[in-house]
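Heads up, the thing below is written out as structure tokens.
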Amino acid sequence: MTTEAGVRAVPALAVRGLRKSFSGRTVLDGLDLSLAPGEFLALLGANGSGKSTALRCVVGLESPDGGEILLHGRPADTAPLRRRMAMIFQQIHLVHRRSALDNVCAGALGRLPLRRSLTPILFPRELREEAMLCLDRVGMADRAAEPAGRLSGGQRQRVAIARALCQRAEIILADEPVSALDPAAAEQVVALLADLAHDQGLAVAAVLHQPDLARRHADRVAGLLRGRVLLDIPAAALTADALTPLYTPDHRHATVPHAGPDSGTAASHAAASHADQEP
Ligand SMILES: Nc1ncnc2c1ncn2[C@@H]1O[C@H](COP(=O)(O)OP(=O)(O)OP(=O)(O)O)[C@@H](O)[C@H]1O
């Protein structure tokens, strides 16, 4: 990506040639992706195209077989660097019996001394104040004392986002964050992710199964097909035609939509060598 001054900026996250196989079956086949600070990227693609595996490799939940993952140009191979990323899941991992506030404080565990992190009662006052600000940012400050288990799915997802903020993550990766939410809650959560990118300069990537949400809120859309990025376009350019190759079975010889010059995608590899996306 290039700044207005024409200087090539280092992306917050750059993935190059990522490869991953399970039991000899290729799932990521040389995936390239970049994400800038302040950008909201929507990841689209059919079931089994490798979206979750890609995010899991990026945050270290899976070990890639090959390729590079760079955070601000440096290999993301240490725990402190990885803590600059937070992942949000469809199944929201909150401790239901703990308050929303305690759950948000837990986002800071990685930077607390062990003694402090064992019991929520020992969370320092400054951390509780910071967590309150994070809850306020996601519109949940008035529910801070509520056990997470009593919140709705949309509210819980907003608490999970607040926890990522309390982690002070610069990069938020969300794997189907709204798939379990009703349309109104989904809209709110995706709009919140977009705001965090645009207002706070976070780099945000979210796997979505709703192209309309991507078109309305994302800056860019990357579409995966059989473990490669097939299209990488501004969200505003997302048309039904652009989506067809992603979701049409056996679309091996698709006409590839334009991939931007800075996208670093493997658009030219559209004719994937695998017979089926979901073998
Ligand atoms: N731990 C694993 N062991 C074996 N196979 C796996 C594992 N994780 C993922 N896979 C396989 O990798 C392929 C890609 O899965 P992945 O979850 O990354 O796809 P996805 O694009 O996120 O799909 P969905 O939209 O359904 O969530 C699938 O065929 C899946 O079965």
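The chains in the structure tokens are called A, B, ... from first to last as shown; in each chain the residues are counted from 1, and the ligands are counted from 1 in the order shown.
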
Dump the neighbourhood of ligand 1 as a PyMOL selection string: all residues within 8 Å, distances computed on only C-alpha atoms and all ligand atoms.
chain A and resi 21-23+26-28+45-54+175-176+207+209+224+227+277-279

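Taking atom CA of A:Arg137 as the reference point, atom CA of A:Leu109 is found at 19.8 Å.
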
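Of the residues listed (A:Val204, A:Val95, A:Val138, A:Leu127), A:Val95 shows the shortest atom-to-atom separation from A:Arg150; distances use only C-alpha atoms.
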
Near A:Ser152, within 12 Å and counting only C-alpha atoms, which residues show up once chain neighbours fewer than 3 positions away are dropped, as an mmCIF file with C-alpha atoms, in the first residue's frame?
```
data_model
loop_
_atom_site.group_PDB
_atom_site.id
_atom_site.type_symbol
_atom_site.label_atom_id
_atom_site.label_comp_id
_atom_site.auth_asym_id
_atom_site.auth_seq_id
_atom_site.Cartn_x
_atom_site.Cartn_y
_atom_site.Cartn_z
ATOM 1 C CA ILE A 92 -17.852 -16.281 22.247
ATOM 2 C CA HIS A 96 -20.286 -16.774 31.986
ATOM 3 C CA ALA A 100 -18.590 -8.341 31.861
ATOM 4 C CA MET A 140 -21.694 -1.861 27.239
ATOM 5 C CA ARG A 143 -23.826 -3.754 31.879
ATOM 6 C CA GLU A 146 -23.694 -8.208 34.829
ATOM 7 C CA PRO A 147 -22.501 -11.836 34.611
ATOM 8 C CA ALA A 148 -21.561 -12.470 30.991
ATOM 9 C CA GLY A 149 -23.904 -15.454 30.871
ATOM 10 C CA GLN A 155 -23.920 -8.040 23.861
ATOM 11 C CA ARG A 156 -21.483 -10.855 24.614
ATOM 12 C CA GLN A 157 -19.753 -10.313 21.290
ATOM 13 C CA ARG A 158 -19.369 -6.629 22.123
ATOM 14 C CA VAL A 159 -17.840 -7.600 25.484
ATOM 15 C CA ALA A 180 -24.839 -16.492 15.467
ATOM 16 C CA LEU A 181 -26.423 -13.043 15.758
ATOM 17 C CA ASP A 182 -29.735 -11.710 14.506
ATOM 18 C CA ALA A 185 -27.122 -7.307 16.281
#
```

With only C-alpha atoms as the counted atoms, please give the residues lying no more than 12 Å from stretch 59-76 of chain A, apart from itself and same-chain residues fewer than 5 positions off, as a ChimeraX atom specification.
/A:9-37,52-54,81-88,169-175,203

Export of the given selection (N, CA and C atoms) as a compact mmCIF listing (two decimals), in the first residue's frame:
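result-v7.txt written:
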```
# COMPACT_ATOMS: atom_id res chain seq x y z
N ALA A 9 3.98 2.20 2.71
CA ALA A 9 3.82 1.98 4.15
C ALA A 9 3.92 0.49 4.45
N VAL A 10 4.44 0.20 5.64
CA VAL A 10 4.52 -1.20 6.06
C VAL A 10 3.14 -1.61 6.58
N PRO A 11 2.56 -2.68 6.08
CA PRO A 11 1.24 -3.07 6.58
C PRO A 11 1.31 -3.53 8.04
N ALA A 12 0.20 -3.39 8.75
CA ALA A 12 0.14 -3.91 10.11
C ALA A 12 0.35 -5.42 10.08
N LEU A 13 -0.27 -6.05 9.11
CA LEU A 13 -0.16 -7.51 8.97
C LEU A 13 0.09 -7.85 7.51
N ALA A 14 1.08 -8.66 7.27
CA ALA A 14 1.32 -9.15 5.91
C ALA A 14 1.49 -10.66 5.96
N VAL A 15 0.74 -11.34 5.15
CA VAL A 15 0.82 -12.80 5.07
C VAL A 15 1.31 -13.12 3.67
N ARG A 16 2.35 -13.90 3.61
CA ARG A 16 2.93 -14.20 2.29
C ARG A 16 3.13 -15.70 2.10
N GLY A 17 2.50 -16.21 1.08
CA GLY A 17 2.73 -17.60 0.69
C GLY A 17 2.39 -18.61 1.78
N LEU A 18 1.33 -18.32 2.54
CA LEU A 18 0.99 -19.21 3.68
C LEU A 18 0.50 -20.56 3.16
N ARG A 19 1.07 -21.62 3.74
CA ARG A 19 0.70 -22.97 3.33
C ARG A 19 0.34 -23.79 4.56
N LYS A 20 -0.71 -24.60 4.42
CA LYS A 20 -1.08 -25.50 5.51
C LYS A 20 -1.83 -26.69 4.93
N SER A 21 -1.42 -27.87 5.35
CA SER A 21 -2.12 -29.10 4.95
C SER A 21 -2.53 -29.84 6.20
N PHE A 22 -3.63 -30.54 6.13
CA PHE A 22 -4.03 -31.46 7.19
C PHE A 22 -4.07 -32.86 6.59
N SER A 23 -3.33 -33.77 7.16
CA SER A 23 -3.25 -35.16 6.67
C SER A 23 -3.02 -35.20 5.17
N GLY A 24 -2.11 -34.37 4.70
CA GLY A 24 -1.75 -34.40 3.29
C GLY A 24 -2.72 -33.63 2.40
N ARG A 25 -3.79 -33.10 2.97
CA ARG A 25 -4.76 -32.35 2.15
C ARG A 25 -4.48 -30.85 2.28
N THR A 26 -4.23 -30.22 1.14
CA THR A 26 -3.87 -28.80 1.15
C THR A 26 -5.08 -27.94 1.48
N VAL A 27 -4.92 -27.10 2.49
CA VAL A 27 -6.00 -26.19 2.89
C VAL A 27 -5.62 -24.74 2.58
N LEU A 28 -4.36 -24.39 2.84
CA LEU A 28 -3.86 -23.07 2.44
C LEU A 28 -2.76 -23.31 1.41
N ASP A 29 -2.91 -22.67 0.27
CA ASP A 29 -2.10 -23.04 -0.88
C ASP A 29 -1.29 -21.85 -1.39
N GLY A 30 -0.61 -21.18 -0.46
CA GLY A 30 0.16 -20.00 -0.86
C GLY A 30 -0.68 -18.74 -0.73
N LEU A 31 -1.23 -18.55 0.45
CA LEU A 31 -2.15 -17.42 0.69
C LEU A 31 -1.37 -16.13 0.94
N ASP A 32 -1.75 -15.08 0.23
CA ASP A 32 -1.14 -13.75 0.41
C ASP A 32 -2.23 -12.78 0.85
N LEU A 33 -1.89 -11.97 1.83
CA LEU A 33 -2.89 -11.03 2.35
C LEU A 33 -2.17 -9.90 3.05
N SER A 34 -2.71 -8.70 2.94
CA SER A 34 -2.14 -7.62 3.74
C SER A 34 -3.26 -6.82 4.36
N LEU A 35 -2.93 -6.17 5.46
CA LEU A 35 -3.93 -5.43 6.23
C LEU A 35 -3.25 -4.19 6.80
N ALA A 36 -3.82 -3.05 6.50
CA ALA A 36 -3.20 -1.79 6.92
C ALA A 36 -3.81 -1.30 8.23
N PRO A 37 -3.07 -0.50 9.00
CA PRO A 37 -3.68 0.14 10.16
C PRO A 37 -4.86 0.99 9.69
N SER A 52 -10.84 -19.74 8.24
CA SER A 52 -10.52 -19.93 9.67
C SER A 52 -9.09 -20.40 9.83
N THR A 53 -8.69 -21.33 9.00
CA THR A 53 -7.33 -21.86 9.11
C THR A 53 -6.32 -20.74 8.91
N ALA A 54 -6.60 -19.84 7.99
CA ALA A 54 -5.68 -18.72 7.75
C ALA A 54 -5.57 -17.87 9.01
N LEU A 81 4.86 -10.31 20.42
CA LEU A 81 4.37 -9.80 19.13
C LEU A 81 2.96 -10.30 18.86
N ARG A 82 2.73 -11.58 19.17
CA ARG A 82 1.40 -12.14 18.90
C ARG A 82 0.33 -11.49 19.77
N ARG A 83 0.76 -11.02 20.95
CA ARG A 83 -0.24 -10.36 21.82
C ARG A 83 -0.72 -9.04 21.23
N ARG A 84 -0.06 -8.59 20.18
CA ARG A 84 -0.55 -7.37 19.51
C ARG A 84 -1.75 -7.70 18.62
N MET A 85 -2.07 -9.01 18.55
CA MET A 85 -3.26 -9.43 17.79
C MET A 85 -4.26 -10.05 18.76
N ALA A 86 -5.53 -9.81 18.50
CA ALA A 86 -6.57 -10.48 19.29
C ALA A 86 -7.52 -11.16 18.31
N MET A 87 -7.99 -12.33 18.71
CA MET A 87 -8.93 -13.05 17.84
C MET A 87 -10.29 -13.13 18.52
N ILE A 88 -11.31 -12.93 17.73
CA ILE A 88 -12.69 -13.01 18.21
C ILE A 88 -13.37 -14.13 17.43
N ALA A 169 -4.76 -4.75 21.72
CA ALA A 169 -4.41 -5.32 20.42
C ALA A 169 -4.46 -4.24 19.36
N GLU A 170 -3.52 -4.32 18.44
CA GLU A 170 -3.53 -3.38 17.31
C GLU A 170 -4.21 -4.01 16.10
N ILE A 171 -4.27 -5.34 16.15
CA ILE A 171 -4.87 -6.07 15.03
C ILE A 171 -5.97 -6.96 15.61
N ILE A 172 -7.17 -6.83 15.09
CA ILE A 172 -8.27 -7.68 15.55
C ILE A 172 -8.67 -8.58 14.39
N LEU A 173 -8.66 -9.88 14.66
CA LEU A 173 -9.07 -10.86 13.66
C LEU A 173 -10.34 -11.52 14.18
N ALA A 174 -11.38 -11.45 13.41
CA ALA A 174 -12.67 -11.95 13.88
C ALA A 174 -13.14 -13.05 12.94
N ASP A 175 -13.36 -14.23 13.51
CA ASP A 175 -13.78 -15.39 12.70
C ASP A 175 -15.29 -15.58 12.83
N ALA A 203 -6.19 -2.33 12.86
CA ALA A 203 -6.29 -3.13 11.64
C ALA A 203 -7.25 -4.27 11.95
```

Could you give me the residues within stretch 2-225 of chain A that DSSP places in strand (DSSP E), as a PyMOL selection string?
chain A and resi 13-22+25-35+40-45+66-71+74-75+85-89+171-175+203-207+220-225

In Å, how far is it from atom CA of A:Pro245 to atom CA of A:Gln210?
15.7 Å

Give the alpha helix (DSSP H) residues of stretch 68-153 of chain A, as assigned by DSSP on the backbone, as a PyMOL selection string.
chain A and resi 79-82+100-105+114-118+125-137+153

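Between atom CA of A:Ala144 and atom CA of A:Ala197 lies a distance of 23.6 Å.
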
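Take the candidates A:Glu130, A:Asp199, A:Ile161, A:Val178 and check each one against A:Gln91 using only C-alpha atoms; the shortest distance goes to A:Val178.
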
Residues near A:Arg128, cut-off 9 Å, only C-alpha atoms, skip fewer than 2 positions along chain, as a PDB file with N, CA and C atoms, in the first residue's frame:
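Saved result, result_37.pdb, follows:
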```pdb
ATOM      1  N   LEU A 101     -17.190  -6.891  33.206  1.00  0.00           N
ATOM      2  CA  LEU A 101     -15.953  -6.150  33.504  1.00  0.00           C
ATOM      3  C   LEU A 101     -14.778  -7.100  33.738  1.00  0.00           C
ATOM      4  N   ASP A 102     -14.995  -8.146  34.554  1.00  0.00           N
ATOM      5  CA  ASP A 102     -13.908  -9.106  34.802  1.00  0.00           C
ATOM      6  C   ASP A 102     -13.450  -9.752  33.498  1.00  0.00           C
ATOM      7  N   VAL A 104     -13.522  -8.474  30.571  1.00  0.00           N
ATOM      8  CA  VAL A 104     -12.739  -7.511  29.785  1.00  0.00           C
ATOM      9  C   VAL A 104     -11.344  -7.354  30.389  1.00  0.00           C
ATOM     10  N   CYS A 105     -11.284  -7.297  31.731  1.00  0.00           N
ATOM     11  CA  CYS A 105      -9.970  -7.213  32.404  1.00  0.00           C
ATOM     12  C   CYS A 105      -9.080  -8.375  31.980  1.00  0.00           C
ATOM     13  N   PHE A 123      -7.320  -7.712  40.238  1.00  0.00           N
ATOM     14  CA  PHE A 123      -7.119  -6.834  39.083  1.00  0.00           C
ATOM     15  C   PHE A 123      -6.898  -5.417  39.600  1.00  0.00           C
ATOM     16  N   PRO A 124      -5.819  -4.779  39.200  1.00  0.00           N
ATOM     17  CA  PRO A 124      -5.545  -3.441  39.710  1.00  0.00           C
ATOM     18  C   PRO A 124      -6.632  -2.433  39.301  1.00  0.00           C
ATOM     19  N   ARG A 125      -6.765  -1.391  40.125  1.00  0.00           N
ATOM     20  CA  ARG A 125      -7.809  -0.389  39.871  1.00  0.00           C
ATOM     21  C   ARG A 125      -7.640   0.249  38.489  1.00  0.00           C
ATOM     22  N   GLU A 126      -6.371   0.527  38.118  1.00  0.00           N
ATOM     23  CA  GLU A 126      -6.155   1.154  36.815  1.00  0.00           C
ATOM     24  C   GLU A 126      -6.669   0.255  35.684  1.00  0.00           C
ATOM     25  N   GLU A 130      -9.482   1.034  32.942  1.00  0.00           N
ATOM     26  CA  GLU A 130      -9.252   0.881  31.501  1.00  0.00           C
ATOM     27  C   GLU A 130     -10.325  -0.030  30.896  1.00  0.00           C
ATOM     28  N   ALA A 131     -10.662  -1.104  31.618  1.00  0.00           N
ATOM     29  CA  ALA A 131     -11.680  -2.041  31.118  1.00  0.00           C
ATOM     30  C   ALA A 131     -13.036  -1.346  30.998  1.00  0.00           C
ATOM     31  N   MET A 132     -13.337  -0.450  31.941  1.00  0.00           N
ATOM     32  CA  MET A 132     -14.596   0.296  31.858  1.00  0.00           C
ATOM     33  C   MET A 132     -14.621   1.159  30.601  1.00  0.00           C
ATOM     34  N   LEU A 133     -13.476   1.776  30.302  1.00  0.00           N
ATOM     35  CA  LEU A 133     -13.414   2.604  29.083  1.00  0.00           C
ATOM     36  C   LEU A 133     -13.651   1.733  27.840  1.00  0.00           C
TER      37      LEU A 133
END
```
